[in-house]
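Structure file work.cif (mmCIF, C-alpha atoms) is printed below.
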data_target
#
loop_
_atom_site.label_atom_id
_atom_site.label_comp_id
_atom_site.auth_asym_id
_atom_site.auth_seq_id
_atom_site.Cartn_x
_atom_site.Cartn_y
_atom_site.Cartn_z
CA MET A 1 -17.63 -36.68 -58.79
CA THR A 2 -14.19 -37.16 -60.14
CA ILE A 3 -11.63 -38.00 -57.60
CA SER A 4 -8.08 -37.68 -58.68
CA THR A 5 -5.61 -39.39 -56.39
CA PRO A 6 -6.73 -37.79 -53.21
CA PRO A 7 -4.08 -37.38 -50.60
CA GLN A 8 -4.58 -38.87 -47.16
CA PRO A 9 -7.06 -37.01 -44.95
CA PRO A 10 -5.33 -34.52 -42.70
CA ALA A 11 -4.79 -34.89 -39.04
CA ALA A 12 -7.66 -35.03 -36.62
CA GLN A 13 -7.33 -31.50 -35.29
CA GLU A 14 -7.95 -30.10 -38.76
CA THR A 15 -11.37 -31.78 -39.01
CA ALA A 16 -12.70 -29.22 -36.60
CA ASP A 17 -12.96 -26.70 -39.48
CA VAL A 18 -16.54 -26.72 -40.66
CA LEU A 19 -18.23 -24.17 -42.87
CA VAL A 20 -22.00 -23.98 -43.03
CA ILE A 21 -23.64 -23.14 -46.34
CA CYS A 22 -27.29 -22.35 -46.88
CA THR A 23 -28.32 -24.41 -49.86
CA GLY A 24 -30.91 -23.66 -52.53
CA TRP A 25 -33.44 -25.89 -50.75
CA ALA A 26 -35.55 -24.66 -47.89
CA ASP A 27 -34.64 -26.06 -44.45
CA CYS A 28 -31.40 -27.49 -45.72
CA GLN A 29 -27.94 -26.52 -44.62
CA ALA A 30 -24.73 -28.03 -45.88
CA HIS A 31 -21.79 -28.48 -43.54
CA PHE A 32 -18.60 -28.41 -45.52
CA HIS A 33 -15.69 -30.40 -44.08
CA PRO A 34 -12.71 -29.44 -46.26
CA ALA A 35 -10.44 -31.81 -44.49
CA LEU A 36 -12.71 -34.73 -45.25
CA TYR A 37 -13.58 -33.52 -48.80
CA GLN A 38 -17.12 -33.93 -47.67
CA LEU A 39 -20.37 -32.00 -47.62
CA VAL A 40 -23.07 -33.04 -45.16
CA LEU A 41 -26.59 -31.95 -46.04
CA HIS A 42 -28.72 -31.41 -42.96
CA ARG A 43 -32.43 -31.76 -43.65
CA PRO A 44 -35.35 -32.07 -41.23
CA GLY A 45 -35.60 -35.74 -42.10
CA GLY A 46 -31.93 -36.51 -41.57
CA GLU A 47 -28.54 -35.87 -43.03
CA GLU A 48 -26.84 -36.90 -46.22
CA LYS A 49 -23.13 -37.10 -46.79
CA VAL A 50 -21.76 -36.18 -50.17
CA ASP A 51 -18.15 -36.87 -51.09
CA LEU A 52 -16.88 -33.98 -53.15
CA GLY A 53 -13.58 -35.53 -54.01
CA PHE A 54 -10.28 -33.74 -53.82
CA SER A 55 -10.79 -31.32 -56.70
CA GLY A 56 -14.38 -30.45 -55.86
CA SER A 57 -13.50 -29.89 -52.23
CA ARG A 58 -10.45 -27.76 -53.11
CA LEU A 59 -12.53 -25.74 -55.54
CA LEU A 60 -15.24 -25.00 -52.97
CA GLU A 61 -12.67 -24.36 -50.28
CA ARG A 62 -10.88 -21.80 -52.50
CA LEU A 63 -14.13 -19.97 -53.25
CA LEU A 64 -15.09 -19.96 -49.57
CA ARG A 65 -11.78 -18.38 -48.62
CA VAL A 66 -12.94 -15.10 -50.12
CA PRO A 67 -16.73 -15.01 -50.16
CA GLY A 68 -18.00 -12.13 -52.25
CA GLU A 69 -14.78 -11.86 -54.23
CA VAL A 70 -14.16 -13.11 -57.72
CA VAL A 71 -11.63 -15.90 -58.06
CA PRO A 72 -10.13 -16.14 -61.55
CA ARG A 73 -10.57 -19.41 -63.43
CA ASP A 74 -6.82 -19.94 -63.74
CA GLU A 75 -6.35 -19.69 -60.04
CA LEU A 76 -9.16 -22.13 -59.40
CA LEU A 77 -7.65 -24.57 -61.86
CA ALA A 78 -4.25 -24.30 -60.24
CA HIS A 79 -5.68 -24.74 -56.77
CA ALA A 80 -8.08 -27.59 -57.42
CA TRP A 81 -5.80 -29.54 -59.78
CA SER A 82 -2.43 -28.68 -58.36
CA ASP A 83 -0.92 -32.02 -59.40
CA ARG A 84 -1.89 -32.00 -63.06
CA VAL A 85 -3.01 -29.87 -65.95
CA VAL A 86 -6.66 -30.04 -66.94
CA GLY A 87 -8.80 -28.04 -69.32
CA GLN A 88 -11.49 -25.48 -68.70
CA GLY A 89 -14.13 -28.18 -69.14
CA SER A 90 -13.04 -29.88 -65.93
CA LEU A 91 -13.58 -26.65 -64.00
CA ASN A 92 -16.99 -26.12 -65.60
CA GLN A 93 -17.95 -29.68 -64.72
CA GLN A 94 -16.85 -29.32 -61.09
CA VAL A 95 -18.74 -26.04 -60.68
CA TYR A 96 -21.82 -27.63 -62.19
CA THR A 97 -21.54 -30.59 -59.82
CA LEU A 98 -21.15 -28.30 -56.81
CA ARG A 99 -24.21 -26.34 -57.87
CA GLN A 100 -26.15 -29.58 -58.14
CA VAL A 101 -25.10 -30.67 -54.68
CA LEU A 102 -26.02 -27.27 -53.24
CA GLY A 103 -29.36 -27.10 -55.09
CA ASP A 104 -28.14 -24.15 -57.12
CA GLU A 105 -27.97 -25.51 -60.63
CA LYS A 106 -30.98 -23.46 -61.83
CA ASN A 107 -30.62 -20.15 -60.02
CA ARG A 108 -26.83 -20.04 -59.88
CA GLU A 109 -26.98 -17.67 -56.93
CA ILE A 110 -24.67 -19.50 -54.54
CA ILE A 111 -21.76 -19.94 -56.89
CA GLN A 112 -22.03 -17.09 -59.34
CA THR A 113 -20.38 -16.96 -62.77
CA LEU A 114 -18.74 -13.73 -63.81
CA PRO A 115 -18.09 -14.03 -67.55
CA ARG A 116 -14.44 -13.77 -68.54
CA ARG A 117 -13.46 -13.16 -64.92
CA GLY A 118 -14.17 -16.26 -62.89
CA TYR A 119 -16.44 -17.49 -60.12
CA MET A 120 -17.60 -16.01 -56.83
CA PHE A 121 -19.21 -17.53 -53.75
CA ASN A 122 -22.17 -15.43 -52.65
CA PRO A 123 -21.56 -14.52 -48.98
CA LYS A 124 -25.31 -14.35 -48.35
CA PHE A 125 -25.34 -18.14 -48.43
CA LEU A 126 -22.67 -18.52 -45.82
CA ALA A 127 -24.35 -19.25 -42.49
CA PRO A 128 -22.84 -18.43 -39.12
CA LEU A 129 -20.98 -21.28 -37.55
CA PRO A 130 -23.06 -23.56 -35.31
CA PRO A 131 -22.19 -23.46 -31.62
CA VAL A 132 -19.53 -25.94 -30.74
CA VAL A 133 -20.87 -28.67 -28.49
CA GLU A 134 -18.21 -30.31 -26.43
CA PRO A 135 -18.58 -34.03 -26.79
CA ALA A 136 -18.92 -35.95 -23.58
CA THR A 137 -15.56 -37.53 -23.26
CA GLU A 138 -13.78 -39.39 -20.57
CA PRO A 139 -11.70 -37.37 -18.18
CA ASP A 140 -8.49 -36.20 -19.76
CA THR A 141 -5.69 -38.12 -18.21
CA ARG A 142 -3.02 -36.42 -20.20
CA PRO A 143 -0.50 -34.42 -18.19
CA GLU A 144 -1.23 -30.71 -17.93
CA PRO A 145 0.71 -28.79 -20.57
CA GLN A 146 3.66 -26.96 -19.15
CA PRO A 147 3.51 -23.18 -19.51
CA ALA A 148 6.12 -21.38 -21.48
CA PRO A 149 9.08 -20.38 -19.33
CA LEU A 150 9.38 -16.72 -18.37
CA SER A 151 11.60 -14.46 -20.35
CA PRO A 152 14.79 -13.12 -18.72
CA ARG A 153 13.19 -9.68 -18.57
CA GLN A 154 10.20 -11.02 -16.64
CA ARG A 155 12.51 -12.88 -14.29
CA ARG A 156 14.55 -9.70 -13.69
CA LEU A 157 11.36 -7.72 -13.02
CA ILE A 158 10.09 -10.25 -10.52
CA GLY A 159 13.51 -10.39 -8.89
CA LEU A 160 13.61 -6.61 -8.61
CA LEU A 161 10.11 -6.51 -7.18
CA GLY A 162 10.87 -9.14 -4.59
CA GLY A 163 14.26 -7.72 -3.70
CA GLY A 164 12.99 -4.17 -3.46
CA ALA A 165 10.06 -5.17 -1.30
CA THR A 166 12.29 -7.21 1.01
CA LEU A 167 14.82 -4.41 1.39
CA GLY A 168 12.05 -1.90 1.95
CA LEU A 169 10.44 -4.01 4.64
CA LEU A 170 13.80 -4.47 6.33
CA ALA A 171 14.37 -0.70 6.26
CA LEU A 172 10.92 -0.15 7.74
CA ALA A 173 11.58 -2.68 10.47
CA LEU A 174 14.89 -0.95 11.25
CA LEU A 175 13.24 2.47 11.41
CA ALA A 176 10.51 1.11 13.64
CA PHE A 177 13.13 -0.41 15.93
CA ILE A 178 15.11 2.85 16.07
CA ASN A 179 11.98 4.81 16.75
CA TYR A 180 10.89 2.46 19.48
CA SER A 181 14.25 2.10 21.16
CA LEU A 182 15.21 5.78 20.99
CA PHE A 183 12.00 7.66 21.41
CA GLN A 184 9.24 5.53 22.79
CA SER A 185 9.19 5.83 26.52
CA GLN A 186 6.03 4.15 27.58
CA VAL A 187 3.68 6.42 29.49
CA ILE A 188 0.25 5.38 30.72
CA GLU A 189 -2.29 8.13 31.13
CA HIS A 190 -5.61 8.39 32.90
CA ARG A 191 -7.90 11.42 32.72
CA VAL A 192 -10.27 12.59 35.43
CA GLN A 193 -12.63 15.58 35.25
CA LEU A 194 -13.22 17.37 38.55
CA GLY A 195 -15.43 20.37 37.95
CA PRO A 196 -13.50 22.88 35.82
CA LEU A 197 -10.34 20.87 36.32
CA GLN A 198 -9.20 18.12 34.02
CA ILE A 199 -6.46 16.05 35.61
CA THR A 200 -4.29 13.76 33.52
CA TYR A 201 -2.35 11.26 35.57
CA ALA A 202 0.75 9.99 33.77
CA ASN A 203 3.21 7.32 34.77
CA PRO A 204 5.30 4.65 33.07
CA SER A 205 3.68 1.77 34.95
CA ALA A 206 0.06 0.95 35.66
CA VAL A 207 0.78 0.10 39.30
CA ALA A 208 2.61 3.36 39.85
CA LEU A 209 -0.24 5.18 38.15
CA GLN A 210 -2.73 3.74 40.61
CA GLU A 211 -0.47 4.72 43.50
CA LEU A 212 -0.12 8.21 42.11
CA MET A 213 -3.89 8.62 41.81
CA LYS A 214 -4.35 7.37 45.36
CA GLU A 215 -1.62 9.55 46.84
CA THR A 216 -2.80 12.70 45.07
CA ALA A 217 -6.53 12.23 45.58
CA GLU A 218 -6.67 14.95 48.23
CA LEU A 219 -4.45 17.22 46.13
CA GLY A 220 -6.87 16.78 43.23
CA ARG A 221 -9.82 17.80 45.36
CA ARG A 222 -7.98 20.90 46.59
CA LEU A 223 -7.00 21.84 43.06
CA ALA A 224 -10.59 21.44 41.84
CA ALA A 225 -11.79 23.71 44.63
CA LEU A 226 -9.17 26.34 43.83
CA ALA A 227 -9.57 26.29 40.03
CA GLY A 228 -11.70 29.26 39.04
CA GLN A 229 -11.54 28.54 35.33
CA PRO A 230 -11.18 25.48 33.12
CA THR A 231 -7.65 24.25 33.56
CA ARG A 232 -5.81 21.14 32.52
CA VAL A 233 -3.39 19.65 35.02
CA ARG A 234 -0.93 16.90 34.27
CA LEU A 235 0.28 15.00 37.29
CA GLY A 236 3.26 12.72 37.39
CA LYS A 237 5.90 11.51 39.78
CA THR A 238 9.62 10.90 39.71
CA THR A 239 11.60 9.27 42.47
CA GLU A 240 11.00 11.95 45.07
CA TYR A 241 8.91 14.64 43.42
CA TYR A 242 5.34 15.05 42.29
CA GLU A 243 5.27 17.01 39.05
CA MET A 244 2.32 19.15 38.13
CA LEU A 245 1.94 21.05 34.85
CA CYS A 246 -0.97 23.49 34.72
CA SER A 247 -2.18 24.55 31.25
CA ARG A 248 -4.65 27.41 31.35
CA GLN A 249 -7.30 28.50 28.89
CA ASP A 250 -5.07 31.24 27.46
CA ASN A 251 -2.49 28.55 26.59
CA SER A 252 -0.10 29.78 29.27
CA SER A 253 1.51 27.11 31.42
CA GLN A 254 3.18 26.90 34.78
CA TRP A 255 4.46 23.98 36.73
CA LEU A 256 4.96 22.96 40.33
CA MET A 257 7.21 20.27 41.75
CA ILE A 258 6.41 19.08 45.22
CA HIS A 259 8.71 16.91 47.28
CA GLN A 260 6.82 13.84 48.37
CA SER A 261 7.35 14.68 52.03
CA ARG A 262 5.63 18.02 51.51
CA LEU A 263 2.56 16.92 49.61
CA ALA A 264 0.16 17.39 52.49
CA GLU A 265 1.68 20.71 53.45
CA VAL A 266 1.71 22.47 50.11
CA SER A 267 0.02 25.83 50.51
CA ASP A 268 -3.01 27.03 48.59
CA GLN A 269 -0.92 29.97 47.46
CA LEU A 270 1.50 27.69 45.63
CA LEU A 271 -1.35 25.71 44.08
CA ARG A 272 -3.11 28.90 42.96
CA GLY A 273 0.16 30.13 41.50
CA CYS A 274 0.19 27.07 39.24
CA LEU A 275 -3.52 27.17 38.37
CA GLN A 276 -3.87 30.89 37.76
CA MET B 1 1.98 -24.27 -12.81
CA ILE B 2 5.26 -22.39 -12.72
CA ARG B 3 3.65 -19.29 -14.19
CA HIS B 4 0.85 -19.58 -11.64
CA LYS B 5 3.37 -19.63 -8.80
CA LEU B 6 5.30 -16.73 -10.25
CA CYS B 7 2.07 -14.78 -10.61
CA LYS B 8 1.50 -15.34 -6.91
CA TRP B 9 4.98 -14.06 -6.22
CA ALA B 10 4.37 -11.02 -8.38
CA LEU B 11 1.09 -10.38 -6.59
CA GLY B 12 2.75 -10.77 -3.21
CA GLY B 13 5.57 -8.49 -4.29
CA SER B 14 3.13 -5.89 -5.48
CA LEU B 15 1.25 -6.01 -2.20
CA ALA B 16 4.51 -5.71 -0.30
CA LEU B 17 5.45 -2.71 -2.42
CA VAL B 18 2.10 -1.09 -1.72
CA ALA B 19 2.62 -1.72 2.00
CA LEU B 20 6.12 -0.31 1.73
CA ALA B 21 4.92 2.79 -0.10
CA SER B 22 2.21 3.32 2.50
CA GLY B 23 4.73 2.91 5.29
CA LEU B 24 7.14 5.35 3.68
CA ALA B 25 4.35 7.84 3.09
CA LEU B 26 3.40 7.52 6.74
CA LEU B 27 7.02 8.00 7.77
CA TRP B 28 7.31 11.00 5.50
CA LEU B 29 4.19 12.52 6.99
CA GLU B 30 5.30 11.82 10.53
CA PHE B 31 8.93 12.71 10.15
CA LYS B 32 10.05 16.12 11.26
CA SER B 33 13.54 17.31 10.84
CA GLY B 34 15.20 19.19 13.66
CA SER B 35 14.62 22.49 11.93
CA GLU B 36 10.88 21.98 12.31
CA PHE B 37 11.37 22.59 16.02
CA ASN B 38 13.15 25.89 15.51
CA GLY B 39 11.99 28.42 18.06
CA ARG B 40 12.10 29.52 21.62
CA TYR B 41 10.72 27.49 24.48
CA GLN B 42 10.49 28.36 28.13
CA SER B 43 8.65 27.55 31.31
CA PHE B 44 8.31 28.91 34.77
CA GLY B 45 7.60 27.02 37.91
CA THR B 46 8.24 26.41 41.58
CA VAL B 47 9.95 23.58 43.37
CA LEU B 48 8.86 22.84 46.90
CA GLN B 49 11.85 21.07 48.37
CA SER B 50 11.99 18.58 51.21
CA ASP B 51 13.10 21.30 53.62
CA GLY B 52 9.98 23.32 52.78
CA GLN B 53 11.89 25.90 50.81
CA ALA B 54 10.19 27.03 47.59
CA LEU B 55 12.58 27.64 44.72
CA GLU B 56 11.55 29.56 41.68
CA VAL B 57 12.83 27.97 38.51
CA ARG B 58 12.89 29.12 34.92
CA HIS B 59 13.91 27.02 31.93
CA ILE B 60 14.71 28.56 28.57
CA LEU B 61 15.57 26.66 25.44
CA MET B 62 16.33 27.88 21.96
CA ILE B 63 16.51 25.59 18.95
CA LYS B 64 18.06 26.88 15.79
CA ASP B 65 19.11 24.92 12.72
CA GLY B 66 19.91 21.66 14.38
CA ARG B 67 21.46 23.13 17.52
CA PHE B 68 20.06 23.98 20.91
CA TYR B 69 20.99 26.44 23.60
CA ALA B 70 19.45 26.13 27.04
CA MET B 71 19.55 27.87 30.36
CA THR B 72 18.04 26.95 33.69
CA ARG B 73 17.89 29.35 36.58
CA GLN B 74 17.11 27.59 39.83
CA GLY B 75 17.26 29.95 42.75
CA GLN B 76 20.73 31.44 42.59
CA THR B 77 22.13 28.63 40.51
CA ILE B 78 22.36 28.96 36.78
CA ILE B 79 23.26 26.28 34.29
CA LYS B 80 23.72 26.84 30.60
CA THR B 81 24.14 24.13 28.05
CA SER B 82 24.38 23.84 24.30
CA GLY B 83 24.58 21.01 21.85
CA SER B 84 23.05 19.46 18.79
CA ILE B 85 19.78 17.87 17.89
CA GLU B 86 20.68 14.29 17.34
CA SER B 87 17.36 13.28 15.85
CA ALA B 88 13.75 14.25 15.71
CA PHE B 89 10.81 12.01 15.06
CA ARG B 90 7.09 12.15 15.57
CA GLY B 91 7.14 15.24 17.77
CA ARG B 92 10.04 13.94 19.82
CA LEU B 93 13.54 15.32 20.03
CA ARG B 94 16.81 13.84 21.08
CA LEU B 95 19.46 16.30 22.20
CA ARG B 96 23.16 15.70 22.71
CA VAL B 97 24.92 18.11 25.04
CA ASP B 98 28.25 19.45 23.75
CA LYS B 99 29.11 21.62 26.68
CA GLY B 100 27.55 22.79 29.87
CA GLU B 101 28.48 25.23 32.55
CA VAL B 102 27.10 25.65 36.04
CA ALA B 103 27.39 29.00 37.77
CA GLU B 104 27.05 29.57 41.48
CA LEU B 105 27.08 25.86 42.22
CA ASP B 106 28.04 26.61 45.81
CA GLN B 107 24.63 28.18 46.19
CA ALA B 108 23.11 24.84 45.26
CA GLY B 109 24.23 23.18 48.47
CA GLY B 110 20.75 23.37 49.91
CA MET B 111 19.13 21.66 46.94
CA ASP B 112 17.62 18.20 47.09
CA ASN B 113 19.80 15.56 45.52
CA ASP B 114 17.35 14.86 42.71
CA LEU B 115 17.33 18.49 41.64
CA LEU B 116 21.10 18.72 41.86
CA PHE B 117 21.54 15.57 39.84
CA ASN B 118 19.24 16.88 37.12
CA LEU B 119 21.28 20.06 36.92
CA LEU B 120 24.60 18.26 36.74
CA TYR B 121 23.39 15.66 34.26
CA GLY B 122 22.13 18.33 31.90
CA GLY B 123 25.51 20.07 31.98
CA GLU B 124 27.60 16.99 31.26
CA ALA B 125 29.15 16.78 27.81
CA GLN B 126 27.75 14.04 25.60
CA ALA B 127 24.69 13.70 27.85
CA ILE B 128 21.55 12.66 26.01
CA ILE B 129 18.31 14.45 26.70
CA ASN B 130 15.06 13.17 25.25
CA LEU B 131 12.24 15.63 24.82
CA ARG B 132 8.72 14.33 24.43
CA PRO B 133 5.44 16.19 24.22
CA ILE B 134 3.35 16.30 27.37
CA SER B 135 0.73 18.78 26.22
CA ARG B 136 -0.17 20.64 23.06
CA ASP B 137 2.73 23.11 23.34
CA CYS B 138 5.05 21.71 25.97
CA LEU B 139 7.93 19.26 25.90
CA LEU B 140 9.35 17.40 28.85
CA ALA B 141 13.04 16.62 29.13
CA VAL B 142 12.74 13.08 30.39
CA GLU B 143 16.17 12.83 32.03
CA THR B 144 16.38 16.28 33.61
CA ARG B 145 12.64 16.81 34.27
CA GLN B 146 12.69 20.22 32.62
CA ILE B 147 9.60 21.50 30.89
CA TYR B 148 9.74 23.65 27.77
CA CYS B 149 6.67 25.28 26.29
CA ALA B 150 6.74 26.82 22.83
CA GLN B 151 6.85 30.61 22.78
CA THR B 152 7.85 31.83 19.36
CA GLU B 153 9.01 30.33 16.13
CA PHE B 154 11.52 31.67 13.72
#
Output the file's structure in the form of structure tokens.
Amino acid sequence: MTISTPPQPPAAQETADVLVICTGWADCQAHFHPALYQLVLHRPGGEEKVDLGFSGSRLLERLLRVPGEVVPRDELLAHAWSDRVVGQGSLNQQVYTLRQVLGDEKNREIIQTLPRRGYMFNPKFLAPLPPVVEPATEPDTRPEPQPAPLSPRQRRLIGLLGGGATLGLLALALLAFINYSLFQSQVIEHRVQLGPLQITYANPSAVALQELMKETAELGRRLAALAGQPTRVRLGKTTEYYEMLCSRQDNSSQWLMIHQSRLAEVSDQLLRGCLQ
Amino acid sequence: MIRHKLCKWALGGSLALVALASGLALLWLEFKSGSEFNGRYQSFGTVLQSDGQALEVRHILMIKDGRFYAMTRQGQTIIKTSGSIESAFRGRLRLRVDKGEVAELDQAGGMDNDLLFNLLYGGEAQAIINLRPISRDCLLAVETRQIYCAQTEF
């Protein structure tokens, strides 16, 4: 093949471009390396490297850019011989050579001639790319590439998100504090079912709750005996008074406060008045 | 690396925002303005004093548009108070007394000190009274030990 002052091979990363062409021979594929101006014929028995030269490689590369489309002769001439002016014969010769290399000189199916129009690469002869096999290389010791910095808009968005969330959490904490300090008076409750009577003992401290249950045990038994219908009773105690709220089935309520000194003496009439 | 860290921040921020939104939704669901408590509340009961005397007591409370009006009749003694609802949250109310007036206080001479104190405290201007639910329909005034059960709403 004619090689006309080929420029230096391109950089290494460009050599990754490989196009696979099905040749006119059975069981033979050609790997075209445009960057190396080279065609590698893969046969069952081995592989054969063919140097296409600058013009031949440029010619094939231009045809492969648009498989199935006609490329005019002038354009091919300008592309393959960009540094000088050559005649039509040079183009014919290069096409003939390529057909020879690809085993297509007789059938002319791979590179087709369209009279008075140009040449076309038949896309049927373009094979899918082979899977890329990562070569076993030594561990990459190069520093990890730094990511692109964030745009000002992204920074603002992240700032807003963070700021908003922080403020929101502070507001929530404040509300929780207000709620706790203003409204939450701790009350411990314990429920006991005595027949139709459900007694709920309530007191701010567990110790006082136990004392309340102990002190009102007899009162609870009396109330259970007097309750003729299901009734809920809530029992509590302040400094001097036992407090009793009776909630009946019909949702009516009545309460009774008993001074601690009178707990044992409270009459059944008063207790019935609360229960019924 | 920087982008990775910032992604973590963004993820954390998003989670915090979700938590915040959930919290606010919960607050919104739980929050009740004072007007939600509009209505009339009352209760009736008996106080068995240390001297064995049984006093009949009635408490009446009306809440209307952020204000309250209350009356307690304890034997011959009557106290009336009014004021504003300072705040309301999760079924609880906080009242601030503007003015109170006790009638027939001389009749209260035979009352136990605790009962008398409750009456006087509830009538004092700027006194704070916290109401919290003690049953399905009833509220307890923590400071004055008055019970108010819902009657009607309007």
Inset, instruction - Do a neighbour search on B:Ile147 at 12 Å with all atoms listed in the file, toss out local chain neighbours closer than 3 positions, and write the hits as a PyMOL selection string. - result: (chain A and resi 234+243-246+253-257) or (chain B and resi 41-46+57-61+70-72+129-135+137-144+150)
Legend entry - Option closest in space to chain A, from B:Ser82, B:Asn38, B:Gln76, B:Asn113 [counting all atoms listed in the file]: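 Of B:Ser82, B:Asn38, B:Gln76, B:Asn113, the one nearest chain A, counting all atoms listed in the file, is B:Asn113.
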Each chain A residue no farther than 8 Å from chain B, nearest pair in Å, all atoms listed in the file, as JSON lines:
{"residue": "A:Gln146", "atom": "CA", "partner": "B:Met1", "partner_atom": "CA", "distance": 7.1}
{"residue": "A:Pro147", "atom": "CA", "partner": "B:Arg3", "partner_atom": "CA", "distance": 6.6}
{"residue": "A:Ala148", "atom": "CA", "partner": "B:Arg3", "partner_atom": "CA", "distance": 8.0}
{"residue": "A:Pro149", "atom": "CA", "partner": "B:Arg3", "partner_atom": "CA", "distance": 7.6}
{"residue": "A:Leu150", "atom": "CA", "partner": "B:Arg3", "partner_atom": "CA", "distance": 7.5}
{"residue": "A:Ile158", "atom": "CA", "partner": "B:Ala10", "partner_atom": "CA", "distance": 6.2}
{"residue": "A:Leu161", "atom": "CA", "partner": "B:Gly13", "partner_atom": "CA", "distance": 5.7}
{"residue": "A:Gly162", "atom": "CA", "partner": "B:Gly13", "partner_atom": "CA", "distance": 5.3}
{"residue": "A:Gly164", "atom": "CA", "partner": "B:Leu17", "partner_atom": "CA", "distance": 7.8}
{"residue": "A:Ala165", "atom": "CA", "partner": "B:Leu17", "partner_atom": "CA", "distance": 5.3}
{"residue": "A:Gly168", "atom": "CA", "partner": "B:Leu20", "partner_atom": "CA", "distance": 6.1}
{"residue": "A:Leu169", "atom": "CA", "partner": "B:Leu20", "partner_atom": "CA", "distance": 6.4}
{"residue": "A:Leu172", "atom": "CA", "partner": "B:Gly23", "partner_atom": "CA", "distance": 7.3}
{"residue": "A:Asn179", "atom": "CA", "partner": "B:Phe89", "partner_atom": "CA", "distance": 7.5}
{"residue": "A:Phe183", "atom": "CA", "partner": "B:Arg92", "partner_atom": "CA", "distance": 6.8}
{"residue": "A:Glu240", "atom": "CA", "partner": "B:Asp114", "partner_atom": "CA", "distance": 7.4}
{"residue": "A:Ser253", "atom": "CA", "partner": "B:Ser43", "partner_atom": "CA", "distance": 7.2}
{"residue": "A:Gln254", "atom": "CA", "partner": "B:Gly45", "partner_atom": "CA", "distance": 5.4}
{"residue": "A:Trp255", "atom": "CA", "partner": "B:Gly45", "partner_atom": "CA", "distance": 4.5}
{"residue": "A:Leu256", "atom": "CA", "partner": "B:Thr46", "partner_atom": "CA", "distance": 4.9}
{"residue": "A:Met257", "atom": "CA", "partner": "B:Val47", "partner_atom": "CA", "distance": 4.6}
{"residue": "A:Ile258", "atom": "CA", "partner": "B:Leu48", "partner_atom": "CA", "distance": 4.8}
{"residue": "A:His259", "atom": "CA", "partner": "B:Gln49", "partner_atom": "CA", "distance": 5.3}
{"residue": "A:Gln260", "atom": "CA", "partner": "B:Ser50", "partner_atom": "CA", "distance": 7.6}
{"residue": "A:Ser261", "atom": "CA", "partner": "B:Ser50", "partner_atom": "CA", "distance": 6.1}
{"residue": "A:Arg262", "atom": "CA", "partner": "B:Ser50", "partner_atom": "CA", "distance": 6.4}
{"residue": "A:Val266", "atom": "CA", "partner": "B:Leu48", "partner_atom": "CA", "distance": 7.8}
{"residue": "A:Leu270", "atom": "CA", "partner": "B:Thr46", "partner_atom": "CA", "distance": 8.0}
{"residue": "A:Cys274", "atom": "CA", "partner": "B:Gly45", "partner_atom": "CA", "distance": 7.5}
Could you write those residues out with C-alpha atoms, as a short mmCIF file (atom, residue, chain, number, x, y, z; two decimals), in the coordinates of the input?
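Dumped to part-v8.cif:
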data_model
loop_
_atom_site.label_atom_id
_atom_site.label_comp_id
_atom_site.auth_asym_id
_atom_site.auth_seq_id
_atom_site.Cartn_x
_atom_site.Cartn_y
_atom_site.Cartn_z
CA GLN A 146 3.66 -26.96 -19.15
CA PRO A 147 3.51 -23.18 -19.51
CA ALA A 148 6.12 -21.38 -21.48
CA PRO A 149 9.08 -20.38 -19.33
CA LEU A 150 9.38 -16.72 -18.37
CA ILE A 158 10.09 -10.25 -10.52
CA LEU A 161 10.11 -6.51 -7.18
CA GLY A 162 10.87 -9.14 -4.59
CA GLY A 164 12.99 -4.17 -3.46
CA ALA A 165 10.06 -5.17 -1.30
CA GLY A 168 12.05 -1.90 1.95
CA LEU A 169 10.44 -4.01 4.64
CA LEU A 172 10.92 -0.15 7.74
CA ASN A 179 11.98 4.81 16.75
CA PHE A 183 12.00 7.66 21.41
CA GLU A 240 11.00 11.95 45.07
CA SER A 253 1.51 27.11 31.42
CA GLN A 254 3.18 26.90 34.78
CA TRP A 255 4.46 23.98 36.73
CA LEU A 256 4.96 22.96 40.33
CA MET A 257 7.21 20.27 41.75
CA ILE A 258 6.41 19.08 45.22
CA HIS A 259 8.71 16.91 47.28
CA GLN A 260 6.82 13.84 48.37
CA SER A 261 7.35 14.68 52.03
CA ARG A 262 5.63 18.02 51.51
CA VAL A 266 1.71 22.47 50.11
CA LEU A 270 1.50 27.69 45.63
CA CYS A 274 0.19 27.07 39.24
#
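Closest approach to B:Ile79 among B:Phe37, B:Phe117, B:Gly122, B:Ala127 is made by B:Gly122 (distances from only C-alpha atoms).
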Legend entry - Among the residues A:Gln100, A:Thr23, A:Gln210, A:Asn203, the one that comes closest to A:Leu52 [using all atoms listed in the file]: A:Gln100
Inset, instruction - For atom CA of A:Glu61 and atom CA of A:Gln112, quote the distance in Å rounded to one decimal. - result: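 These atoms are spaced 14.9 Å apart.
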Padding of 5 Å on every side, edges along x, y and z, all listed atoms of stretch 171-174 of chain A included: what centre and edge lengths in Å, to one decimal, does that box have, as AutoDock Vina command-line options?
--center_x 12.9 --center_y -1.4 --center_z 8.8 --size_x 14.0 --size_y 12.5 --size_z 15.0
Inset, instruction - Do a neighbour search on A:Leu19 at 10 Å with all atoms listed in the file, toss out local chain neighbours closer than 6 positions, and write the hits as a list in words. - result: Ala30, His31, Phe32, His33, Pro34, Leu39, Glu61, Leu64, Leu126, Ala127, Pro128, Leu129 and Pro130 of chain A
Legend entry - Nearest candidate to A:Pro44 (options A:Leu63, A:Ile199, A:Ile21, A:Ala26; using only C-alpha atoms):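 Closest residue, counting only C-alpha atoms: A:Ala26.
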